[in-house]
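For reference, the structure is listed below as structure tokens.
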Amino acid sequence: MASLIDELPKIVREGKKEAQKILDSLSDKNRITLQTNECVIPTKAVGEGYFGQELKDSEEGWRNRLIYGDNLLVMQALLAGDEYTPSMRGKIDLIYIDPPFDSKADYRTNIKLPGCDIEKRPTVIEQFAYSDTWKDGTASYLRMMVPRLILMRELLSEQGSIYVHIDWHVGHYVKVIMDEIFGKENFRNEIVWCYTGPGSPGMKQFNRKHDLIFWYSKTRKWIFNENEIRIPYKDPNQSFRKAFDTKGGWTEADLEELRKRGKIPEDWWQFSVAARLKIDGVKRTGYATEKPLKLLERIIKASSNPDSIVADFFAGSGTTGAVAEKLGRRWIMSDLGKPACMIMRKRLIDIDAKPFLYQSIGDYQKEQFEQSQYRRVSDLAHVVLNLFGAIPFPKKEGVLNNLGYIKDEKTLVYVDSPSKMTGISTIKRAIKLRNEYMGGWKKVIVLGWNFMPDIGQIIDSMNDKNLEVLVIPPDLLDKLKTKASYKKLINSGKIRFSSLQYLTVAPIEKRDPSPTKGEGYEDLIVKLENYILLSPDSLPLDDKNKEKLNKIIEKDPLSLIEYWSIDPDYDGKVFRSKWQDYRGNTTDNTDPYHVVRKAIITVPKKEGARKVCVKAVDVFGFESVTVLEVK
């Protein structure tokens, strides 16, 4: 077996080829794009839910971005740009990343619910990413890092810097790789972050009490704001005298000058890991790998300007964005974990951040399909039908290639494309086929990959007991990388097609004029009724936790809502959340485990019908949307 030293040149070569392939594809018609799920305008519930002021409106021009998804795809989309957003190539002044560097890291999430805790394993997409990162130990980790570091260099401006936070596991290898990608001549500092804490009894070595942060600039003209980060001595007179007396003595005038200048910035920093640091209202979240706020404050002040864009592509709890926000910088953050994105979104609302976009990779399954072994959608449809237990119709002229049937049940099965959003047109077509195709069928089942946000409402409006809509597992294409894996799945019978989750909202009441604001304003009263969760069998839970969840679903389903928000003037395109509440927001109630179930929103009066969109995200990260019309 080759040693890692032997493997390293090959790892770098392969990473460069992967990155170049990505860069060459940026102008392709079918390039990866970002999909805006929400424009978040932070106005959280207070008291009974009234607005204390008129709704904030989204700012024109630049919007900060929180992005859910694999950062390799996120960076591709940022480099490519789209019809709405220009490319970010060469636009970012500072990148800080704290990539996971412990192969034994535990990515399970503990969810606190009324009366019980539920332990959630990572989603299958997350599991694939983490297992790919560490399947061959450090070699796999370095393969993951090389193309990402190359894309980060492309995103950096000519005056840009990158800080990579790492520890003893792989730091020395990452340093060699960064020398190759950024150039040894652009290595600025190896910063040592020292921290304190108790040792273990019976130790046979010194405590490991520091991390490394490698700082590289892109070119020879990097930003460095020396005056922003000078740290005065607590007792400058004594400290300077001690230092300078060894060099032949100093005058009082010399000491006075040094007092003014303060302490020269050094490359070893000491911050307590457990310190409850706070910067202008930015609080720590308690996230497992969260870094001290002062650490990010020093980096951002040193290597960015007030108009700079700061990015973190392993954002975790969002410390980088929260500190950048308070320091007046623009920011981009991304993470692969849904729980991390939820923590970040709530954190930004808590600090009353400027309006920001919550985005994700557009057509994730489409991207996976294009990288899979399947060259035609019809081939993939036949695989899905077989896994579902349906018989595909033979491939011949005049026969739809995405249809199958369950013979004994007289049921037609319709498989939608991974590059489509399943919505009302698909549902209507499936019902028509059920009624007419080959003499008609008793029932139709639609299997979809991606769904329109109002799919729950569409299904309810059909009121058709012989229509069923199920979700194709989002990780299926990952599992179908080889023919051998397909046979294994067929034999296992473990592929589960789950039902949709959806939110039900009571008809919206209107008070005109508003009792609080008077003429020209009206109140909208929005009440949550129920939350229907998809089958617990499809969630990453063990049997014990599924049993706990079933009890919660039966007794208190709305306690599963982690976050809900309202757009009182939905345009049918971009959801602008102008009001939100979330578990843990105790400004509106004293119960940390429940959201408020009623919102009273004061809005400027509007002639004609008003579309109100209500979005909910549950504790597992699933989103549901309901659109109601107020006349």
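Residue names in the structure tokens use chain letters A, B, ... in the order shown, residue numbers from 1 in each chain, and ligand numbers from 1 in the order shown.
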A:Leu149 environment, 12 Å, only C-alpha atoms, sequence neighbours closer than 3 positions dropped, as a ChimeraX atom specification: /A:12,15-16,18-19,71-72,75,95-97,99,142-146,152-156,162-164,174-175,177-182,216,218,313
Writer output for current selection, N, CA, C and O atoms, as a compact mmCIF listing (two decimals), in the first residue's frame:
# COMPACT_ATOMS: atom_id res chain seq x y z
N VAL A 12 -2.91 15.79 -5.59
CA VAL A 12 -2.90 17.17 -6.08
C VAL A 12 -3.22 17.21 -7.57
O VAL A 12 -4.02 18.03 -8.04
N GLY A 15 -6.92 16.51 -8.08
CA GLY A 15 -7.69 17.65 -7.61
C GLY A 15 -7.66 18.80 -8.58
O GLY A 15 -8.67 19.48 -8.82
N LYS A 16 -6.48 19.03 -9.19
CA LYS A 16 -6.36 20.10 -10.18
C LYS A 16 -7.19 19.80 -11.42
O LYS A 16 -7.84 20.70 -11.99
N GLU A 18 -9.92 17.91 -11.52
CA GLU A 18 -11.33 18.08 -11.15
C GLU A 18 -11.73 19.55 -11.14
O GLU A 18 -12.78 19.94 -11.67
N ALA A 19 -10.86 20.38 -10.56
CA ALA A 19 -11.15 21.81 -10.50
C ALA A 19 -11.18 22.43 -11.90
O ALA A 19 -12.05 23.26 -12.21
N ASN A 71 -20.39 22.50 -0.62
CA ASN A 71 -19.69 23.74 -0.99
C ASN A 71 -18.99 23.66 -2.35
O ASN A 71 -18.73 24.69 -2.97
N LEU A 72 -18.69 22.46 -2.85
CA LEU A 72 -18.10 22.37 -4.19
C LEU A 72 -19.11 22.85 -5.23
O LEU A 72 -18.77 23.59 -6.16
N MET A 75 -19.72 26.75 -4.75
CA MET A 75 -18.68 27.58 -5.36
C MET A 75 -18.77 27.57 -6.88
O MET A 75 -18.51 28.59 -7.53
N ILE A 95 -11.65 34.86 2.77
CA ILE A 95 -12.29 33.56 3.01
C ILE A 95 -11.68 32.99 4.29
O ILE A 95 -10.46 32.90 4.43
N TYR A 96 -12.54 32.64 5.23
CA TYR A 96 -12.12 31.89 6.43
C TYR A 96 -12.84 30.56 6.38
O TYR A 96 -14.06 30.52 6.16
N ILE A 97 -12.12 29.45 6.55
CA ILE A 97 -12.78 28.15 6.63
C ILE A 97 -12.22 27.37 7.81
O ILE A 97 -11.04 27.47 8.15
N PRO A 99 -12.64 23.69 8.21
CA PRO A 99 -13.18 22.41 7.73
C PRO A 99 -13.05 21.32 8.79
O PRO A 99 -12.11 21.36 9.59
N LEU A 142 -7.81 14.94 1.98
CA LEU A 142 -7.02 15.83 1.12
C LEU A 142 -7.59 15.89 -0.29
O LEU A 142 -7.57 16.94 -0.93
N ARG A 143 -8.13 14.75 -0.79
CA ARG A 143 -8.80 14.76 -2.10
C ARG A 143 -10.00 15.70 -2.08
O ARG A 143 -10.30 16.36 -3.07
N MET A 144 -10.70 15.73 -0.96
CA MET A 144 -11.84 16.64 -0.82
C MET A 144 -11.37 18.10 -0.83
O MET A 144 -11.98 18.97 -1.45
N MET A 145 -10.26 18.37 -0.17
CA MET A 145 -9.82 19.75 0.02
C MET A 145 -9.22 20.38 -1.23
O MET A 145 -9.43 21.58 -1.49
N VAL A 146 -8.45 19.62 -2.03
CA VAL A 146 -7.68 20.22 -3.13
C VAL A 146 -8.57 21.00 -4.11
O VAL A 146 -8.34 22.19 -4.35
N MET A 152 -11.67 28.25 -4.31
CA MET A 152 -11.62 29.41 -3.41
C MET A 152 -10.62 30.44 -3.91
O MET A 152 -10.87 31.65 -3.82
N ARG A 153 -9.49 29.97 -4.42
CA ARG A 153 -8.51 30.91 -4.98
C ARG A 153 -9.11 31.70 -6.15
O ARG A 153 -8.87 32.90 -6.30
N GLU A 154 -9.94 31.04 -6.97
CA GLU A 154 -10.59 31.71 -8.09
C GLU A 154 -11.58 32.77 -7.61
O GLU A 154 -11.78 33.80 -8.26
N LEU A 155 -12.20 32.53 -6.47
CA LEU A 155 -13.18 33.48 -5.93
C LEU A 155 -12.52 34.69 -5.27
O LEU A 155 -13.12 35.76 -5.17
N LEU A 156 -11.27 34.54 -4.81
CA LEU A 156 -10.59 35.63 -4.12
C LEU A 156 -10.28 36.79 -5.07
O LEU A 156 -9.92 36.59 -6.23
N ILE A 162 -6.95 34.12 2.33
CA ILE A 162 -7.67 32.95 2.84
C ILE A 162 -7.01 32.51 4.14
O ILE A 162 -5.78 32.47 4.25
N TYR A 163 -7.84 32.22 5.15
CA TYR A 163 -7.39 31.69 6.43
C TYR A 163 -7.99 30.29 6.57
O TYR A 163 -9.22 30.14 6.56
N VAL A 164 -7.14 29.28 6.71
CA VAL A 164 -7.60 27.89 6.85
C VAL A 164 -7.28 27.42 8.26
O VAL A 164 -6.11 27.33 8.64
N VAL A 174 -1.92 19.86 4.72
CA VAL A 174 -2.67 20.99 4.15
C VAL A 174 -1.72 22.13 3.82
O VAL A 174 -1.86 22.80 2.79
N LYS A 175 -0.71 22.36 4.65
CA LYS A 175 0.27 23.41 4.39
C LYS A 175 1.00 23.16 3.07
O LYS A 175 1.18 24.07 2.24
N ILE A 177 -0.07 21.44 0.50
CA ILE A 177 -1.03 21.62 -0.60
C ILE A 177 -1.28 23.11 -0.86
O ILE A 177 -1.35 23.55 -2.01
N MET A 178 -1.39 23.90 0.20
CA MET A 178 -1.63 25.33 0.02
C MET A 178 -0.43 26.03 -0.59
O MET A 178 -0.58 26.97 -1.37
N ASP A 179 0.78 25.57 -0.25
CA ASP A 179 1.97 26.10 -0.92
C ASP A 179 1.88 25.88 -2.42
O ASP A 179 2.24 26.75 -3.22
N GLU A 180 1.37 24.71 -2.83
CA GLU A 180 1.26 24.38 -4.25
C GLU A 180 0.18 25.22 -4.93
O GLU A 180 0.36 25.70 -6.05
N ILE A 181 -0.96 25.41 -4.27
CA ILE A 181 -2.10 26.10 -4.90
C ILE A 181 -1.93 27.63 -4.86
O ILE A 181 -2.19 28.32 -5.86
N PHE A 182 -1.51 28.16 -3.72
CA PHE A 182 -1.44 29.62 -3.55
C PHE A 182 -0.02 30.17 -3.76
O PHE A 182 0.13 31.38 -3.94
N TYR A 216 -2.83 32.74 3.74
CA TYR A 216 -2.21 32.99 2.44
C TYR A 216 -2.93 34.15 1.77
O TYR A 216 -4.15 34.28 1.90
N LYS A 218 -3.64 36.05 -2.06
CA LYS A 218 -3.68 35.62 -3.46
C LYS A 218 -2.51 36.22 -4.24
O LYS A 218 -1.94 35.58 -5.13
N PHE A 313 -17.16 28.75 3.73
CA PHE A 313 -17.82 27.65 3.03
C PHE A 313 -17.95 26.38 3.88
O PHE A 313 -18.43 25.37 3.39
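Residues in contact with A:Asp460 at 12 Å, where only C-alpha atoms are counted and same-chain residues fewer than 6 positions away are skipped, are listed as Ile424, Ile427, Asp454, Leu467, Glu468, Val469, Leu500, Tyr502, Leu503, Thr504 and Thr626 of chain A.
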N, CA and C atoms of the current selection, written as an mmCIF file, in the first residue's frame:
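Written file, part-v5.cif:
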data_model
loop_
_atom_site.group_PDB
_atom_site.id
_atom_site.type_symbol
_atom_site.label_atom_id
_atom_site.label_comp_id
_atom_site.auth_asym_id
_atom_site.auth_seq_id
_atom_site.Cartn_x
_atom_site.Cartn_y
_atom_site.Cartn_z
ATOM 1 N N ILE A 424 -48.837 21.203 -10.301
ATOM 2 C CA ILE A 424 -50.220 20.955 -10.692
ATOM 3 C C ILE A 424 -50.337 20.348 -12.085
ATOM 4 N N ILE A 427 -49.630 16.619 -11.846
ATOM 5 C CA ILE A 427 -50.723 15.923 -11.138
ATOM 6 C C ILE A 427 -51.929 15.763 -12.060
ATOM 7 N N ASP A 454 -46.206 24.592 -3.052
ATOM 8 C CA ASP A 454 -47.613 24.460 -2.643
ATOM 9 C C ASP A 454 -48.194 23.097 -3.000
ATOM 10 N N LEU A 467 -55.635 9.170 -5.852
ATOM 11 C CA LEU A 467 -54.377 9.815 -6.230
ATOM 12 C C LEU A 467 -53.448 9.768 -5.024
ATOM 13 N N GLU A 468 -52.213 9.340 -5.257
ATOM 14 C CA GLU A 468 -51.215 9.339 -4.190
ATOM 15 C C GLU A 468 -49.924 9.928 -4.753
ATOM 16 N N VAL A 469 -49.288 10.791 -3.968
ATOM 17 C CA VAL A 469 -48.030 11.417 -4.386
ATOM 18 C C VAL A 469 -46.959 11.057 -3.365
ATOM 19 N N LEU A 500 -45.608 13.046 1.394
ATOM 20 C CA LEU A 500 -45.226 14.448 1.563
ATOM 21 C C LEU A 500 -45.621 14.959 2.939
ATOM 22 N N TYR A 502 -46.855 18.390 5.023
ATOM 23 C CA TYR A 502 -47.455 19.680 4.682
ATOM 24 C C TYR A 502 -48.092 20.332 5.905
ATOM 25 N N LEU A 503 -48.261 21.631 5.787
ATOM 26 C CA LEU A 503 -48.776 22.471 6.852
ATOM 27 C C LEU A 503 -50.205 22.867 6.518
ATOM 28 N N THR A 504 -51.073 22.866 7.513
ATOM 29 C CA THR A 504 -52.428 23.388 7.294
ATOM 30 C C THR A 504 -52.608 24.652 8.128
ATOM 31 N N THR A 626 -47.713 27.007 2.314
ATOM 32 C CA THR A 626 -49.146 27.135 2.050
ATOM 33 C C THR A 626 -49.432 28.565 1.583
#
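Using only C-alpha atoms for every distance, the candidate list A:Gly318, A:Gly328, A:Gly337, A:Gly456 yields A:Gly456 as the residue closest to A:Gln501.
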Neighbour list for A:Asn110 as a list of chain:residue names, cut-off 8 Å, only C-alpha atoms, skip fewer than 4 positions in-chain: A:Asp117, A:Ile118, A:Glu119, A:Lys120
Minimum-distance residue to A:Pro100, chosen among A:Arg496, A:Lys631, A:His169, A:Lys555 (using only C-alpha atoms): A:His169
For A:Ala80: contacts at 10 Å, only C-alpha atoms, fewer than 5 positions along chain excluded, given as a PyMOL selection string: chain A and resi 22-23+25-28+31-33+74-75+85-89
Take the residues from that selection and put them in a file with C-alpha atoms, as a short mmCIF file (atom, residue, chain, number, x, y, z; two decimals), in the first residue's frame.
data_model
loop_
_atom_site.label_atom_id
_atom_site.label_comp_id
_atom_site.auth_asym_id
_atom_site.auth_seq_id
_atom_site.Cartn_x
_atom_site.Cartn_y
_atom_site.Cartn_z
CA ILE A 22 -15.42 22.58 -13.17
CA LEU A 23 -13.90 25.85 -14.35
CA SER A 25 -17.95 24.05 -17.51
CA LEU A 26 -18.90 27.42 -15.99
CA SER A 27 -20.28 28.78 -19.27
CA ASP A 28 -22.31 25.65 -20.10
CA ARG A 31 -24.45 24.97 -15.44
CA ILE A 32 -25.28 24.70 -11.75
CA THR A 33 -27.33 27.58 -10.36
CA VAL A 74 -22.01 26.20 -4.14
CA MET A 75 -18.68 27.58 -5.36
CA THR A 85 -26.52 37.44 -10.12
CA PRO A 86 -23.11 38.18 -11.67
CA SER A 87 -20.19 35.81 -11.18
CA MET A 88 -18.34 36.16 -7.87
CA ARG A 89 -15.01 35.33 -9.51
#
Would you please give, as a PDB file with N, CA and C atoms, in the first residue's frame, all residues of stretch 310-405 of chain A that DSSP assigns to strand (DSSP E or B) based on the backbone?
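The resulting file, states.pdb, is reproduced below:
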ATOM      1  N   VAL A 310     -16.917  38.842   2.679  1.00  0.00           N
ATOM      2  CA  VAL A 310     -16.257  37.813   3.484  1.00  0.00           C
ATOM      3  C   VAL A 310     -17.032  36.515   3.285  1.00  0.00           C
ATOM      4  N   ALA A 311     -16.338  35.391   3.110  1.00  0.00           N
ATOM      5  CA  ALA A 311     -17.011  34.120   2.855  1.00  0.00           C
ATOM      6  C   ALA A 311     -16.506  33.031   3.786  1.00  0.00           C
ATOM      7  N   ASP A 312     -17.411  32.092   4.109  1.00  0.00           N
ATOM      8  CA  ASP A 312     -17.074  30.894   4.895  1.00  0.00           C
ATOM      9  C   ASP A 312     -17.859  29.738   4.286  1.00  0.00           C
ATOM     10  N   ARG A 330     -19.933  42.674   3.994  1.00  0.00           N
ATOM     11  CA  ARG A 330     -20.874  41.798   3.288  1.00  0.00           C
ATOM     12  C   ARG A 330     -20.386  40.359   3.452  1.00  0.00           C
ATOM     13  N   TRP A 331     -21.305  39.373   3.351  1.00  0.00           N
ATOM     14  CA  TRP A 331     -20.879  38.003   3.624  1.00  0.00           C
ATOM     15  C   TRP A 331     -21.634  36.972   2.795  1.00  0.00           C
ATOM     16  N   ILE A 332     -20.984  35.821   2.634  1.00  0.00           N
ATOM     17  CA  ILE A 332     -21.578  34.619   2.039  1.00  0.00           C
ATOM     18  C   ILE A 332     -21.209  33.459   2.955  1.00  0.00           C
ATOM     19  N   MET A 333     -22.182  32.646   3.343  1.00  0.00           N
ATOM     20  CA  MET A 333     -21.907  31.448   4.147  1.00  0.00           C
ATOM     21  C   MET A 333     -22.604  30.246   3.521  1.00  0.00           C
ATOM     22  N   SER A 334     -21.971  29.076   3.606  1.00  0.00           N
ATOM     23  CA  SER A 334     -22.629  27.854   3.145  1.00  0.00           C
ATOM     24  C   SER A 334     -22.283  26.704   4.068  1.00  0.00           C
ATOM     25  N   ASP A 335     -23.184  25.739   4.142  1.00  0.00           N
ATOM     26  CA  ASP A 335     -22.936  24.523   4.919  1.00  0.00           C
ATOM     27  C   ASP A 335     -23.791  23.403   4.360  1.00  0.00           C
ATOM     28  N   PHE A 356     -31.257  39.079   4.059  1.00  0.00           N
ATOM     29  CA  PHE A 356     -30.322  38.172   3.393  1.00  0.00           C
ATOM     30  C   PHE A 356     -31.094  37.080   2.653  1.00  0.00           C
ATOM     31  N   LEU A 357     -30.436  36.463   1.683  1.00  0.00           N
ATOM     32  CA  LEU A 357     -31.037  35.387   0.909  1.00  0.00           C
ATOM     33  C   LEU A 357     -30.704  34.045   1.544  1.00  0.00           C
ATOM     34  N   TYR A 358     -31.711  33.162   1.618  1.00  0.00           N
ATOM     35  CA  TYR A 358     -31.473  31.764   1.994  1.00  0.00           C
ATOM     36  C   TYR A 358     -31.603  30.962   0.710  1.00  0.00           C
ATOM     37  N   GLN A 359     -30.493  30.371   0.262  1.00  0.00           N
ATOM     38  CA  GLN A 359     -30.461  29.718  -1.039  1.00  0.00           C
ATOM     39  C   GLN A 359     -30.048  28.257  -0.914  1.00  0.00           C
ATOM     40  N   SER A 360     -30.241  27.522  -1.999  1.00  0.00           N
ATOM     41  CA  SER A 360     -29.769  26.140  -2.070  1.00  0.00           C
ATOM     42  C   SER A 360     -29.361  25.845  -3.505  1.00  0.00           C
ATOM     43  N   ILE A 361     -28.764  24.691  -3.712  1.00  0.00           N
ATOM     44  CA  ILE A 361     -28.365  24.297  -5.055  1.00  0.00           C
ATOM     45  C   ILE A 361     -29.619  24.006  -5.861  1.00  0.00           C
ATOM     46  N   ILE A 391     -44.154  -2.638 -12.432  1.00  0.00           N
ATOM     47  CA  ILE A 391     -43.654  -3.224 -13.679  1.00  0.00           C
ATOM     48  C   ILE A 391     -43.620  -2.129 -14.737  1.00  0.00           C
ATOM     49  N   PRO A 392     -42.437  -1.796 -15.287  1.00  0.00           N
ATOM     50  CA  PRO A 392     -42.392  -0.772 -16.345  1.00  0.00           C
ATOM     51  C   PRO A 392     -43.063  -1.293 -17.615  1.00  0.00           C
ATOM     52  N   LEU A 403     -43.842   5.328 -17.285  1.00  0.00           N
ATOM     53  CA  LEU A 403     -45.019   4.717 -16.670  1.00  0.00           C
ATOM     54  C   LEU A 403     -44.797   3.240 -16.359  1.00  0.00           C
ATOM     55  N   GLY A 404     -45.403   2.800 -15.268  1.00  0.00           N
ATOM     56  CA  GLY A 404     -45.425   1.390 -14.917  1.00  0.00           C
ATOM     57  C   GLY A 404     -46.756   1.077 -14.249  1.00  0.00           C
ATOM     58  N   TYR A 405     -46.881  -0.150 -13.777  1.00  0.00           N
ATOM     59  CA  TYR A 405     -48.163  -0.524 -13.175  1.00  0.00           C
ATOM     60  C   TYR A 405     -47.960  -1.604 -12.120  1.00  0.00           C
TER      61      TYR A 405
END
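Among the candidates A:Ser308, A:Asp352, A:Met342, A:Pro540, the one nearest to A:Lys326 when counting only C-alpha atoms is A:Asp352.
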